[in-house]
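Undergrad: What follows is final-v6.txt, made up of compact mmCIF, C-alpha atoms:
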# COMPACT_ATOMS: atom_id res chain seq x y z
CA MET U 70 -2.81 -13.09 17.68
CA SER U 71 -0.10 -10.57 16.69
CA ASN U 72 -0.08 -9.00 13.26
CA SER U 73 3.17 -10.81 12.39
CA THR U 74 1.78 -14.22 13.43
CA ALA U 75 -1.47 -13.49 11.60
CA CYS U 76 0.53 -12.53 8.52
CA GLN U 77 2.51 -15.79 8.57
CA THR U 78 -0.70 -17.82 8.85
CA PHE U 79 -2.31 -15.86 6.04
CA ILE U 80 0.67 -16.24 3.71
CA ALA U 81 0.92 -19.97 4.25
CA ARG U 82 -2.70 -20.33 3.12
CA ALA U 83 -2.54 -17.74 0.35
CA VAL U 84 0.55 -19.20 -1.30
CA ALA U 85 -1.08 -22.62 -1.36
CA ALA U 86 -4.01 -21.10 -3.27
CA HIS U 87 -1.90 -19.44 -5.99
CA HIS U 88 -2.10 -20.48 -9.60
CA PRO U 89 0.11 -23.33 -10.81
CA ARG U 90 2.45 -21.58 -13.22
CA SER U 91 5.70 -20.66 -11.48
CA ALA U 92 7.20 -17.19 -11.59
CA PRO U 93 10.41 -18.38 -13.34
CA THR U 94 8.38 -19.99 -16.15
CA PHE U 95 6.25 -16.87 -16.45
CA CYS U 96 9.33 -14.61 -16.76
CA HIS U 97 10.98 -16.99 -19.23
CA GLN U 98 8.04 -16.84 -21.63
CA LEU U 99 7.81 -13.04 -21.48
CA SER U 100 11.57 -12.58 -21.76
CA ALA U 101 11.79 -14.71 -24.88
CA ARG U 102 9.13 -12.61 -26.61
CA ALA U 103 10.78 -9.39 -25.42
CA SER U 104 14.19 -10.47 -26.74
CA HIS U 105 12.66 -11.20 -30.14
CA SER U 106 10.87 -7.83 -30.28
CA ARG U 107 13.97 -5.96 -29.15
CA LYS U 108 15.98 -7.26 -32.12
CA ARG U 109 13.42 -6.17 -34.70
CA GLU U 110 13.86 -2.69 -36.11
CA ASP U 111 10.18 -2.42 -36.99
CA ILE U 112 9.05 -2.82 -33.36
CA LEU U 113 9.40 0.16 -31.02
CA LEU U 114 8.61 0.64 -27.37
CA LYS U 115 5.03 1.79 -26.89
CA PRO U 116 4.87 5.59 -26.31
CA GLU U 117 3.97 5.19 -22.63
CA VAL U 118 6.86 2.75 -22.06
CA GLN U 119 9.25 5.04 -23.93
CA ALA U 120 8.09 7.94 -21.72
CA PHE U 121 8.70 5.74 -18.66
CA LYS U 122 12.24 5.00 -19.90
CA ASP U 123 12.92 8.66 -20.66
CA TYR U 124 11.81 9.68 -17.18
CA ILE U 125 14.02 7.11 -15.47
CA GLU U 126 17.07 8.10 -17.50
CA SER U 127 16.49 11.84 -16.95
CA ASP U 128 16.97 11.51 -13.19
CA ALA U 129 20.38 10.28 -12.01
CA LYS U 130 19.12 8.90 -8.66
CA ILE U 131 16.19 7.03 -10.18
CA PHE U 132 18.30 5.70 -13.05
CA MET U 133 20.90 4.43 -10.59
CA GLY U 134 18.27 2.90 -8.30
CA PHE U 135 16.32 1.25 -11.09
CA THR U 136 19.44 -0.21 -12.70
CA GLU U 137 20.84 -1.49 -9.42
CA MET U 138 17.62 -3.06 -8.16
CA VAL U 139 17.25 -5.01 -11.43
CA ARG U 140 20.84 -6.16 -11.17
CA ARG U 141 20.52 -7.17 -7.53
CA ALA U 142 17.15 -8.91 -7.96
CA GLN U 143 18.44 -11.27 -10.67
CA ILE U 144 15.02 -11.68 -12.25
CA PRO U 145 14.89 -15.02 -14.09
CA ASP U 146 15.71 -14.58 -17.80
CA VAL U 147 15.85 -10.77 -17.55
CA GLU U 148 19.33 -9.63 -18.59
CA ASP U 149 19.33 -6.01 -17.43
CA TYR U 150 17.30 -2.82 -17.00
CA HIS U 151 16.88 -2.34 -20.77
CA HIS U 152 15.64 -5.90 -21.23
CA LEU U 153 13.17 -5.37 -18.39
CA LEU U 154 11.67 -2.38 -20.23
CA TRP U 155 11.04 -4.57 -23.25
CA VAL U 156 9.36 -7.17 -21.04
CA LEU U 157 7.14 -4.40 -19.66
CA ASN U 158 6.40 -3.45 -23.25
CA GLU U 159 5.21 -7.01 -23.94
CA ILE U 160 2.96 -7.02 -20.87
CA VAL U 161 1.16 -3.75 -21.62
CA SER U 162 0.66 -4.72 -25.27
CA THR U 163 -1.73 -7.56 -24.50
CA ALA U 164 -4.26 -8.88 -21.98
CA PRO U 165 -3.22 -11.20 -19.14
CA THR U 166 -3.77 -14.91 -19.62
CA TYR U 167 -4.95 -17.29 -16.94
CA GLY U 168 -2.34 -19.23 -15.02
CA SER U 169 0.30 -16.75 -13.89
CA VAL U 170 1.03 -16.60 -10.18
CA GLY U 171 -0.29 -13.07 -9.93
CA PRO U 172 -0.70 -9.81 -11.87
CA PRO U 173 2.01 -9.85 -14.58
CA VAL U 174 3.84 -6.58 -13.83
CA TYR U 175 3.92 -7.50 -10.17
CA MET U 176 5.32 -10.93 -11.03
CA LEU U 177 8.03 -9.26 -13.10
CA LEU U 178 8.99 -6.73 -10.43
CA ALA U 179 8.35 -8.77 -7.25
CA GLN U 180 12.00 -9.56 -6.65
CA THR U 181 13.08 -5.94 -7.21
CA MET U 182 10.60 -4.96 -4.50
CA ASN U 183 12.52 -7.20 -2.14
CA THR U 184 15.69 -5.08 -2.37
CA ASN U 185 16.75 -1.92 -0.56
CA GLU U 186 17.32 -0.23 -3.92
CA GLY U 187 13.79 -1.11 -4.98
CA PHE U 188 12.29 0.20 -1.76
CA SER U 189 13.91 3.64 -2.09
CA THR U 190 13.33 3.91 -5.85
CA TYR U 191 9.67 2.89 -5.84
CA LEU U 192 8.89 5.58 -3.25
CA HIS U 193 9.55 8.41 -5.73
CA SER U 194 6.28 10.22 -6.51
CA GLY U 195 7.43 11.09 -10.02
CA LEU U 196 8.13 7.45 -10.81
CA ASN U 197 4.71 6.46 -9.50
CA GLN U 198 3.13 9.04 -11.79
CA GLN U 199 4.95 7.41 -14.71
CA PHE U 200 3.67 4.01 -13.65
CA LYS U 201 0.18 5.49 -13.46
CA SER U 202 0.40 6.90 -17.00
CA MET U 203 1.65 3.60 -18.37
CA PHE U 204 -1.05 1.62 -16.60
CA GLU U 205 -3.79 4.04 -17.70
CA ALA U 206 -2.80 3.40 -21.32
CA TRP U 207 -2.89 -0.34 -20.65
CA ALA U 208 -6.29 0.06 -18.96
CA ASN U 209 -7.63 1.64 -22.15
CA TYR U 210 -6.54 -1.44 -24.05
CA LEU U 211 -8.01 -3.81 -21.45
CA SER U 212 -11.31 -1.94 -21.80
CA SER U 213 -11.35 -2.45 -25.57
CA GLU U 214 -12.79 -5.34 -27.58
CA ALA U 215 -9.27 -6.27 -28.69
CA SER U 216 -8.56 -7.51 -25.17
CA CYS U 217 -11.17 -10.27 -25.56
CA HIS U 218 -8.57 -12.48 -27.23
CA VAL U 219 -7.88 -14.15 -23.84
CA LEU U 220 -11.56 -14.96 -23.23
CA HIS U 221 -11.50 -18.47 -24.67
CA ALA U 222 -11.58 -22.08 -23.47
CA GLU U 223 -8.12 -23.20 -24.61
CA PRO U 224 -5.26 -23.60 -22.09
CA GLY U 225 -4.34 -20.14 -20.79
CA GLY U 226 -7.81 -18.81 -21.56
CA TRP U 227 -10.06 -17.48 -18.83
CA PHE U 228 -12.78 -19.97 -19.83
CA SER U 229 -10.53 -23.02 -19.76
CA ASP U 230 -11.53 -25.79 -17.37
CA ALA U 231 -8.76 -24.84 -14.94
CA SER U 232 -9.77 -21.20 -14.89
CA LEU U 233 -13.49 -21.89 -14.48
CA THR U 234 -12.70 -24.14 -11.53
CA ALA U 235 -10.70 -21.35 -9.88
CA LEU U 236 -13.29 -18.66 -10.66
CA GLY U 237 -16.08 -20.69 -9.04
CA GLU U 238 -14.03 -22.15 -6.20
CA HIS U 239 -15.96 -20.66 -3.29
CA PHE U 240 -19.49 -20.93 -4.69
CA ASP U 241 -20.41 -24.43 -3.52
CA GLY U 242 -20.14 -26.17 -6.89
CA SER U 243 -22.20 -23.67 -8.93
CA SER U 244 -21.01 -23.06 -12.47
CA PHE U 245 -19.47 -19.76 -13.56
CA PHE U 246 -22.51 -19.06 -15.73
CA ASP U 247 -24.89 -19.55 -12.81
CA ILE U 248 -22.81 -17.31 -10.55
CA PHE U 249 -22.01 -14.35 -12.81
CA VAL U 250 -23.92 -12.34 -15.39
CA SER U 251 -22.57 -13.95 -18.57
CA GLU U 252 -23.40 -16.05 -21.63
CA ASN U 253 -22.28 -19.63 -22.21
CA ASN U 254 -21.36 -18.78 -25.79
CA PRO U 255 -17.75 -18.43 -27.02
CA GLU U 256 -18.94 -16.54 -30.10
CA THR U 257 -19.88 -13.57 -27.91
CA HIS U 258 -16.78 -13.87 -25.70
CA TYR U 259 -19.17 -15.34 -23.13
CA GLY U 260 -21.11 -12.09 -22.90
CA PHE U 261 -18.18 -9.74 -22.24
CA ASN U 262 -17.04 -6.85 -24.41
CA SER U 263 -13.54 -6.55 -22.96
CA PHE U 264 -11.15 -8.16 -20.49
CA ASP U 265 -11.92 -5.40 -17.97
CA GLU U 266 -15.63 -6.14 -18.20
CA PHE U 267 -14.88 -9.79 -17.52
CA PHE U 268 -12.60 -8.95 -14.61
CA ASN U 269 -15.32 -6.78 -13.03
CA ARG U 270 -18.11 -9.24 -13.75
CA GLU U 271 -21.37 -8.86 -11.83
CA LEU U 272 -23.02 -11.46 -9.64
CA ARG U 273 -26.38 -12.79 -10.73
CA SER U 274 -29.40 -11.74 -8.71
CA GLY U 275 -29.69 -13.83 -5.56
CA VAL U 276 -26.02 -14.85 -5.47
CA ARG U 277 -24.32 -13.73 -2.24
CA ALA U 278 -27.54 -12.19 -0.91
CA VAL U 279 -27.24 -9.90 2.12
CA GLU U 280 -27.38 -12.02 5.27
CA PHE U 281 -29.63 -10.78 8.11
CA SER U 282 -30.58 -7.73 6.08
CA GLU U 283 -33.25 -6.68 8.60
CA ASP U 284 -31.00 -6.83 11.68
CA PRO U 285 -29.24 -3.46 12.24
CA ARG U 286 -26.74 -5.09 14.62
CA ILE U 287 -25.08 -7.01 11.79
CA ILE U 288 -22.03 -5.91 9.80
CA ASN U 289 -21.72 -7.53 6.38
CA ALA U 290 -18.63 -8.30 4.33
CA ALA U 291 -17.72 -5.56 1.87
CA CYS U 292 -15.59 -7.76 -0.39
CA GLU U 293 -15.10 -11.37 -1.42
CA SER U 294 -11.69 -11.87 0.13
CA LYS U 295 -9.30 -13.73 2.40
CA LEU U 296 -9.02 -12.38 5.93
CA TYR U 297 -5.55 -10.92 6.54
CA SER U 298 -5.82 -9.59 10.07
CA ILE U 299 -7.97 -8.07 12.79
CA ALA U 300 -6.38 -5.37 14.98
CA ARG U 301 -7.88 -3.85 18.13
CA ASP U 302 -7.00 -0.63 19.96
CA VAL U 303 -5.44 0.89 16.84
CA GLN U 304 -3.35 3.99 17.49
CA ARG U 305 -3.32 7.46 15.97
CA THR U 306 0.25 7.05 14.72
CA SER U 307 2.41 3.95 14.66
CA GLU U 308 5.66 2.99 12.99
CA PHE U 309 3.76 1.12 10.29
CA TRP U 310 6.96 0.23 8.44
CA MET U 311 8.31 -1.82 11.36
CA LYS U 312 8.09 -5.55 11.99
CA GLY U 313 4.63 -6.47 13.26
CA GLU U 314 2.84 -4.08 10.87
CA PRO U 315 0.98 -1.83 13.33
CA TYR U 316 -1.79 0.17 11.71
CA SER U 317 -1.37 3.97 11.76
CA LEU U 318 -4.72 5.77 11.56
CA GLN U 319 -3.32 9.22 10.75
CA HIS U 320 -1.74 7.85 7.60
CA MET U 321 -4.38 5.27 6.66
CA LEU U 322 -7.18 7.84 6.81
CA GLN U 323 -5.14 10.73 5.39
CA GLY U 324 -5.93 12.75 8.50
CA ASN U 325 -9.73 12.44 8.17
CA TYR U 326 -11.83 11.89 11.34
CA VAL U 327 -8.81 10.36 13.09
CA ASP U 328 -9.99 11.32 16.60
CA GLU U 329 -13.14 9.26 16.13
CA PHE U 330 -11.19 6.07 15.37
CA VAL U 331 -8.30 6.10 17.86
CA GLY U 332 -8.54 2.93 19.96
CA GLY U 333 -10.83 1.29 17.42
CA THR U 334 -10.72 -1.81 15.22
CA VAL U 335 -9.33 -2.62 11.75
CA TYR U 336 -10.49 -5.64 9.73
CA GLN U 337 -8.39 -6.22 6.59
CA GLY U 338 -8.77 -8.67 3.71
CA PHE U 339 -7.00 -9.57 0.46
CA LEU U 340 -8.77 -10.05 -2.88
CA GLU U 341 -7.55 -12.82 -5.16
CA VAL U 342 -7.03 -12.28 -8.88
CA THR U 343 -9.64 -14.94 -9.67
CA GLY U 344 -12.14 -13.49 -7.20
CA TYR U 345 -15.02 -11.02 -7.37
CA HIS U 346 -13.80 -7.42 -7.44
CA ARG U 347 -16.79 -5.22 -6.63
CA TRP U 348 -17.25 -3.71 -3.16
CA HIS U 349 -20.48 -3.46 -1.17
CA SER U 350 -21.46 -1.39 1.82
CA PRO U 351 -20.95 -3.22 5.13
CA VAL U 352 -23.48 -0.99 6.93
CA THR U 353 -26.59 1.06 6.26
CA GLY U 354 -26.01 4.78 6.61
CA VAL U 355 -24.98 8.09 5.06
CA VAL U 356 -21.74 8.59 3.13
CA ARG U 357 -20.01 11.47 4.94
CA LYS U 358 -16.80 11.79 2.96
CA ILE U 359 -15.05 10.21 -0.04
CA GLN U 360 -11.37 10.74 -0.79
CA LEU U 361 -9.03 9.21 -3.36
CA VAL U 362 -5.45 9.07 -2.07
CA GLU U 363 -2.68 8.77 -4.67
CA GLY U 364 0.03 6.41 -3.47
CA THR U 365 2.72 3.95 -4.44
CA TYR U 366 2.46 0.89 -6.67
CA PHE U 367 5.39 -1.41 -5.89
CA VAL U 368 6.65 -0.57 -2.40
CA GLN U 369 6.80 -3.38 0.13
CA SER U 370 7.40 -3.00 3.85
CA PRO U 371 11.09 -2.44 4.64
CA ALA U 372 10.62 -4.78 7.61
CA VAL U 373 10.44 -7.79 5.28
CA ILE U 374 13.07 -6.84 2.70
CA ASN U 375 15.68 -9.53 2.14
CA GLY U 376 13.69 -12.06 4.12
CA THR U 377 14.10 -10.39 7.52
CA PHE U 378 10.44 -11.04 8.31
CA TYR U 379 11.20 -14.71 8.91
CA ASP U 380 13.98 -14.35 11.47
CA ALA U 381 12.12 -16.34 14.12
CA SER U 382 10.12 -19.57 13.85
CA PRO U 383 9.04 -19.18 10.23
CA PRO U 384 6.22 -21.34 8.89
CA ALA U 385 8.05 -23.62 6.41
CA PRO U 386 7.57 -21.27 3.46
CA GLY U 387 7.38 -22.75 -0.01
CA PRO U 388 9.58 -21.51 -2.86
CA ASP U 389 7.09 -18.79 -3.76
CA LEU U 390 7.07 -17.08 -0.37
CA ALA U 391 10.23 -15.05 -0.92
CA THR U 392 8.81 -13.67 -4.14
CA ASN U 393 5.45 -12.48 -2.78
CA PRO U 394 6.26 -9.16 -1.10
CA TYR U 395 2.76 -7.72 -1.18
CA LEU U 396 1.39 -10.70 0.73
CA ARG U 397 3.86 -9.77 3.46
CA SER U 398 3.08 -6.04 3.50
CA LEU U 399 -0.68 -5.65 3.41
CA ALA U 400 -1.05 -3.69 6.66
CA PHE U 401 1.89 -1.47 5.66
CA LEU U 402 0.16 -0.72 2.36
CA THR U 403 -2.90 0.74 4.10
CA SER U 404 -0.76 3.82 4.81
CA ILE U 405 1.16 4.15 1.57
CA ALA U 406 -0.63 2.61 -1.44
CA THR U 407 -3.22 4.15 -3.74
CA ARG U 408 -6.57 3.90 -1.94
CA LEU U 409 -10.13 5.17 -1.83
CA LEU U 410 -11.63 6.16 1.52
CA ILE U 411 -15.40 6.02 2.03
CA PHE U 412 -16.61 7.23 5.43
CA ILE U 413 -20.12 6.05 6.31
CA GLU U 414 -22.16 7.18 9.34
CA SER U 415 -24.18 4.11 10.24
CA ASP U 416 -27.88 4.45 11.02
CA ASN U 417 -27.13 2.27 14.03
CA PRO U 418 -25.47 4.55 16.64
CA ASP U 419 -23.83 1.50 18.22
CA ILE U 420 -21.73 1.26 15.04
CA GLY U 421 -21.33 4.98 14.44
CA LEU U 422 -18.90 6.35 11.89
CA MET U 423 -16.86 3.70 10.03
CA CYS U 424 -14.56 3.76 7.04
CA PHE U 425 -14.27 1.40 4.08
CA ILE U 426 -10.82 1.55 2.46
CA ALA U 427 -10.32 0.15 -1.05
CA ILE U 428 -6.58 -0.42 -1.42
CA GLY U 429 -5.23 -0.72 -4.96
CA MET U 430 -1.87 -2.47 -5.27
CA THR U 431 0.47 -3.00 -8.22
CA GLU U 432 -0.61 -2.83 -11.84
CA ILE U 433 -3.81 -0.90 -12.49
CA SER U 434 -4.55 0.31 -8.98
CA THR U 435 -7.76 1.91 -10.13
CA CYS U 436 -10.49 2.23 -7.52
CA THR U 437 -13.70 3.23 -9.30
CA LEU U 438 -16.61 4.59 -7.29
CA ASP U 439 -20.13 3.55 -8.30
CA ALA U 440 -21.93 6.39 -10.10
CA ASN U 441 -24.78 6.26 -7.56
CA VAL U 442 -22.51 6.79 -4.56
CA GLN U 443 -21.42 10.28 -3.51
CA GLU U 444 -21.09 12.32 -0.36
CA GLY U 445 -24.52 12.63 1.25
CA THR U 446 -25.85 9.42 -0.34
CA HIS U 447 -27.77 7.06 1.93
CA VAL U 448 -26.54 3.51 1.24
CA GLU U 449 -28.02 0.19 2.28
CA ARG U 450 -26.06 -2.79 3.55
CA GLY U 451 -24.93 -4.81 0.55
CA GLN U 452 -25.35 -1.94 -1.91
CA GLU U 453 -22.54 -1.70 -4.45
CA LEU U 454 -19.99 1.02 -3.67
CA GLY U 455 -17.48 0.54 -6.49
CA MET U 456 -14.90 -1.83 -7.97
CA PHE U 457 -11.24 -2.59 -8.54
CA HIS U 458 -9.73 -2.92 -11.99
CA PHE U 459 -7.10 -5.47 -12.90
CA GLY U 460 -4.36 -5.72 -10.30
CA GLY U 461 -3.68 -6.80 -6.76
CA SER U 462 -6.04 -5.37 -4.20
CA SER U 463 -6.92 -5.31 -0.53
CA HIS U 464 -9.55 -3.64 1.60
CA ALA U 465 -10.03 -2.63 5.22
CA LEU U 466 -12.95 -1.78 7.48
CA VAL U 467 -12.19 0.70 10.27
CA PHE U 468 -14.48 1.14 13.30
CA GLY U 469 -14.35 3.51 16.25
CA PRO U 470 -13.58 2.48 19.86
CA ASN U 471 -17.23 2.65 20.90
CA ALA U 472 -18.33 0.00 18.41
CA ASN U 473 -18.48 -3.19 20.51
CA ILE U 474 -17.83 -5.67 17.68
CA GLU U 475 -17.65 -9.46 17.75
CA PHE U 476 -16.44 -11.17 14.60
CA PHE U 477 -18.13 -14.50 13.97
CA ASP U 478 -16.59 -17.95 13.56
CA GLY U 479 -15.50 -18.57 10.00
CA TYR U 480 -14.70 -14.88 9.53
CA SER U 481 -12.20 -14.25 12.30
CA GLU U 482 -8.99 -16.20 11.56
CA PRO U 483 -6.30 -15.18 9.04
CA GLY U 484 -6.87 -17.03 5.79
CA ASP U 485 -10.63 -17.48 6.34
CA HIS U 486 -12.55 -17.02 3.10
CA ILE U 487 -14.94 -14.08 3.45
CA LYS U 488 -18.06 -14.21 1.31
CA VAL U 489 -19.17 -10.79 0.13
CA ARG U 490 -22.32 -9.59 1.92
CA ALA U 491 -22.04 -12.38 4.51
CA ALA U 492 -22.76 -11.50 8.14
CA ILE U 493 -19.21 -11.26 9.51
CA ALA U 494 -19.82 -9.48 12.81
CA GLY U 495 -22.38 -8.24 15.30
CA VAL U 496 -22.34 -5.05 17.35
CA SER U 497 -24.02 -4.23 20.65
CA ARG U 498 -24.17 -1.59 23.35
CA ARG U 499 -21.54 -2.26 25.96
CA GLY U 500 -23.22 -4.12 28.79
CA GLY U 501 -26.37 -4.55 26.67
CA PHE U 502 -27.29 -7.09 24.01
CA ASN U 503 -25.20 -10.26 24.30
CA THR U 504 -23.21 -10.73 21.08
CA ALA U 505 -22.88 -14.42 21.90
CA CYS U 506 -26.59 -14.72 21.11
CA CYS U 507 -26.06 -13.09 17.73
CA HIS U 508 -23.02 -15.34 17.20
CA PHE U 509 -25.17 -18.42 17.90
CA GLU U 510 -27.87 -17.28 15.49
CA VAL U 511 -25.44 -16.54 12.65
CA ALA U 512 -23.53 -19.78 13.16
CA ASN U 513 -26.74 -21.80 13.10
CA CYS U 514 -27.98 -19.97 10.02
CA ALA U 515 -24.69 -20.71 8.23
CA ALA U 516 -24.97 -24.37 9.24
CA ASP U 517 -28.54 -24.60 8.01
CA ASN U 518 -27.55 -23.17 4.62
Step by step, read the file and then write its structure as C-alpha cells.

TA:
Amino acid sequence: MSNSTACQTFIARAVAAHHPRSAPTFCHQLSARASHSRKREDILLKPEVQAFKDYIESDAKIFMGFTEMVRRAQIPDVEDYHHLLWVLNEIVSTAPTYGSVGPPVYMLLAQTMNTNEGFSTYLHSGLNQQFKSMFEAWANYLSSEASCHVLHAEPGGWFSDASLTALGEHFDGSSFFDIFVSENNPETHYGFNSFDEFFNRELRSGVRAVEFSEDPRIINAACESKLYSIARDVQRTSEFWMKGEPYSLQHMLQGNYVDEFVGGTVYQGFLEVTGYHRWHSPVTGVVRKIQLVEGTYFVQSPAVINGTFYDASPPAPGPDLATNPYLRSLAFLTSIATRLLIFIESDNPDIGLMCFIAIGMTEISTCTLDANVQEGTHVERGQELGMFHFGGSSHALVFGPNANIEFFDGYSEPGDHIKVRAAIAGVSRRGGFNTACCHFEVANCAADN
C-alpha cells in the first residue's frame, strides 16, 4: 500500500474518532470571549502573547505573511490578525476542556496551515522560537494546581461521562480508575495535582503488560496509538514534501547513523488527545545516542495545501477533513517537526540498531525524557522512555535493512489501534526462523486473551 493510500485510509478512520464538538463551534466560543476581553481596558495581552505580537510586527515579511494567511483562511468568527492574537490569549490563559476536535491552538490555526502564506510563514525559525516561548509559559500554568479547574464531572470536564468513555475506549470496558493511577474522588481532583499530571497519567501495574517479554524475537509497541503507515526500503534522502510522503532518513535522523538505516523500515503511529502519552522501549538493548531536534510547530506538507492531496479518487471525506492538516502530513513531519531521537542497540543482533522518534506537533511539543534513561543506559522492552505533554503527537520506529521484520495482524493496517507494549512484530534471521510461526503464536495468544 502506498503512503498516500495509507494516509487516506488512516484519515477516514481518524476523523470518525474525533470528538463531537465542531471546529466552527469551538472558534465561536473562544472568539466571543476574546472580543469581550479585547474591549476591556483592564485586560491586557499576557506578556508572552504581547512578545509574540511584537516579534511578528517587527519583521515585515512575517507580519505580511501572518496577516495574509489569517485573511485567506477565513477562520470562523475570527475577524483579523489582531482578533486572532486575543483568541490565542484566551487559550493560553486557561486549561483545555474536553470536547474540542483537537488541541485548541491547532484548531484555531488549522485553516491557516492550509494556505501557501501559512506554509512559508510557519517555517521561520524565529517565529517558532516565539511559539515555543509562549507555549512554555502556558506549560507552566498547565503544570500548576490552578489548571485543575477542568478536572470535574460536569459537561466539558475531563471526568464527565463522555470524556471517561473516550479515555477508556480501548481498554475492554475497564473503568478509568482501574486503568490509570488515580482516585475516584472529585475533592482531590481525582488524584491529580495539575492538568499536565492528568494528561501524562500513569497506567496501573499490570495494565498493558509486556507481551512475550521472554522472547527476544518480539518487538513491542512503544506508544498507544493509531497506525499511520509502514514503509519499506526507505531511502537516505527523498523529497519528503512531495505527494506520497516518502520518508527521508537524512532529515528524520538529523544525520545520525544514516548509513545503518538506508533500505530499512519505518513504522509510524499517531497518538490521540484522549490516549496514553508515555513511551516505552520497543526492544531490549543499550541507548547509544539521544538527540532533541528543534523544529516547526504548525507546518503542514505543501503537497496537501489547498486540498491538492485529494486530486484522485478521494475517500468521501467528511466536513472535518479539510481542516485537519496534521493528519495529512504525519510522514512529512518526521523530517521537520520538533522531535526526540533515541537510538537503541538491541541485544538481539537480528534487530540491531533501531531508532525511536518521539514527534511533537502543534501546541506544547515537549518531549520529556525519563530521568532514568540516558546514553549508555541498558533498557528493557516495555521500560518507560519518556512522555509527551499536551499537544498533538506522533512517533516512529526505524529499523535497518538487515532486520527481517514481520508486522502481525491487527498491527499492520493504517488505522489499526496499537496497544502500548503489545507484540506488534517478530524478527528473524533471513532464511532462518519462520516468522509465520511467530505470527501464529501471537495471533493465538491475542485470541485467547

Undergrad: For U:Asp265, please output as a PDB file with C-alpha atoms, keeping the file's coordinate frame all residues within 12 Å (counting all atoms listed in the file; exclusion window: fewer than 3 positions along the same chain).

TA:
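The result, stored in part-v8.pdb:
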ATOM      1  CA  ALA U 164      -4.260  -8.880 -21.980  1.00  0.00           C
ATOM      2  CA  PRO U 165      -3.220 -11.200 -19.140  1.00  0.00           C
ATOM      3  CA  TRP U 207      -2.890  -0.340 -20.650  1.00  0.00           C
ATOM      4  CA  ALA U 208      -6.290   0.060 -18.960  1.00  0.00           C
ATOM      5  CA  ASN U 209      -7.630   1.640 -22.150  1.00  0.00           C
ATOM      6  CA  TYR U 210      -6.540  -1.440 -24.050  1.00  0.00           C
ATOM      7  CA  LEU U 211      -8.010  -3.810 -21.450  1.00  0.00           C
ATOM      8  CA  SER U 212     -11.310  -1.940 -21.800  1.00  0.00           C
ATOM      9  CA  SER U 213     -11.350  -2.450 -25.570  1.00  0.00           C
ATOM     10  CA  GLU U 214     -12.790  -5.340 -27.580  1.00  0.00           C
ATOM     11  CA  ALA U 215      -9.270  -6.270 -28.690  1.00  0.00           C
ATOM     12  CA  SER U 216      -8.560  -7.510 -25.170  1.00  0.00           C
ATOM     13  CA  CYS U 217     -11.170 -10.270 -25.560  1.00  0.00           C
ATOM     14  CA  VAL U 219      -7.880 -14.150 -23.840  1.00  0.00           C
ATOM     15  CA  LEU U 220     -11.560 -14.960 -23.230  1.00  0.00           C
ATOM     16  CA  PHE U 261     -18.180  -9.740 -22.240  1.00  0.00           C
ATOM     17  CA  ASN U 262     -17.040  -6.850 -24.410  1.00  0.00           C
ATOM     18  CA  PHE U 268     -12.600  -8.950 -14.610  1.00  0.00           C
ATOM     19  CA  ASN U 269     -15.320  -6.780 -13.030  1.00  0.00           C
ATOM     20  CA  ARG U 270     -18.110  -9.240 -13.750  1.00  0.00           C
ATOM     21  CA  GLU U 271     -21.370  -8.860 -11.830  1.00  0.00           C
ATOM     22  CA  HIS U 346     -13.800  -7.420  -7.440  1.00  0.00           C
ATOM     23  CA  ILE U 433      -3.810  -0.900 -12.490  1.00  0.00           C
ATOM     24  CA  THR U 435      -7.760   1.910 -10.130  1.00  0.00           C
ATOM     25  CA  MET U 456     -14.900  -1.830  -7.970  1.00  0.00           C
ATOM     26  CA  PHE U 457     -11.240  -2.590  -8.540  1.00  0.00           C
ATOM     27  CA  HIS U 458      -9.730  -2.920 -11.990  1.00  0.00           C
ATOM     28  CA  PHE U 459      -7.100  -5.470 -12.900  1.00  0.00           C
ATOM     29  CA  GLY U 460      -4.360  -5.720 -10.300  1.00  0.00           C
TER      30      GLY U 460
END

Undergrad: Restricting the calculation to all atoms listed in the file: of U:Met133, U:Val118, U:Ile487, U:Ile420, which residue gets closest to U:Phe200?

TA: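 Smallest distance to U:Phe200 is found for U:Val118.
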
Undergrad: Would you work out the distance separating atom CA of U:Thr181 from atom CA of U:Val139, expressed in Å to one decimal?

TA: 6.0 Å

Undergrad: Compile the contact shell of stretch 351-366 of chain U as a count of residues only: residues with an atom at most 8 Å away, counting only C-alpha atoms, same-chain residues fewer than 6 positions apart removed.

TA: 40

Undergrad: Calculate how many Å separate atom CA of U:Phe240 from atom CA of U:Gly260, rounding to one decimal.

TA: 20.3 Å

Undergrad: Work out how far apart atom CA of U:Arg140 and atom CA of U:His152 are and give it in Å to one decimal.

TA: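 Value for the atom CA of U:Arg140-atom CA of U:His152 distance: 11.3 Å.
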
Undergrad: Counting all atoms listed in the file, figure out which residue out of U:Trp155, U:Ala494, U:Val161, U:Ala440 gets nearest to U:Lys108.

TA: U:Trp155

Undergrad: Counting only C-alpha atoms, what is within 12 Å of U:Ser229, bar same-chain residues fewer than 4 positions away, as a VMD selection string?

TA: chain U and resid 166 to 168 219 to 225 233 to 236 245 255

Undergrad: Give me, as JSON, numbers by chain, all polymer residues having an atom no more than 7 Å from U:Leu466, counting only C-alpha atoms and skipping those fewer than 5 positions away in the same chain.

TA: {"U": [335, 336, 337, 424, 425, 426]}

Undergrad: Go through U:Phe339, U:Phe135, U:Tyr480, U:Phe249 and flag the residue nearest U:Thr184, using all atoms listed in the file for the distances.

TA: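 Between U:Phe339, U:Phe135, U:Tyr480, U:Phe249, the residue approaching U:Thr184 most closely is U:Phe135.
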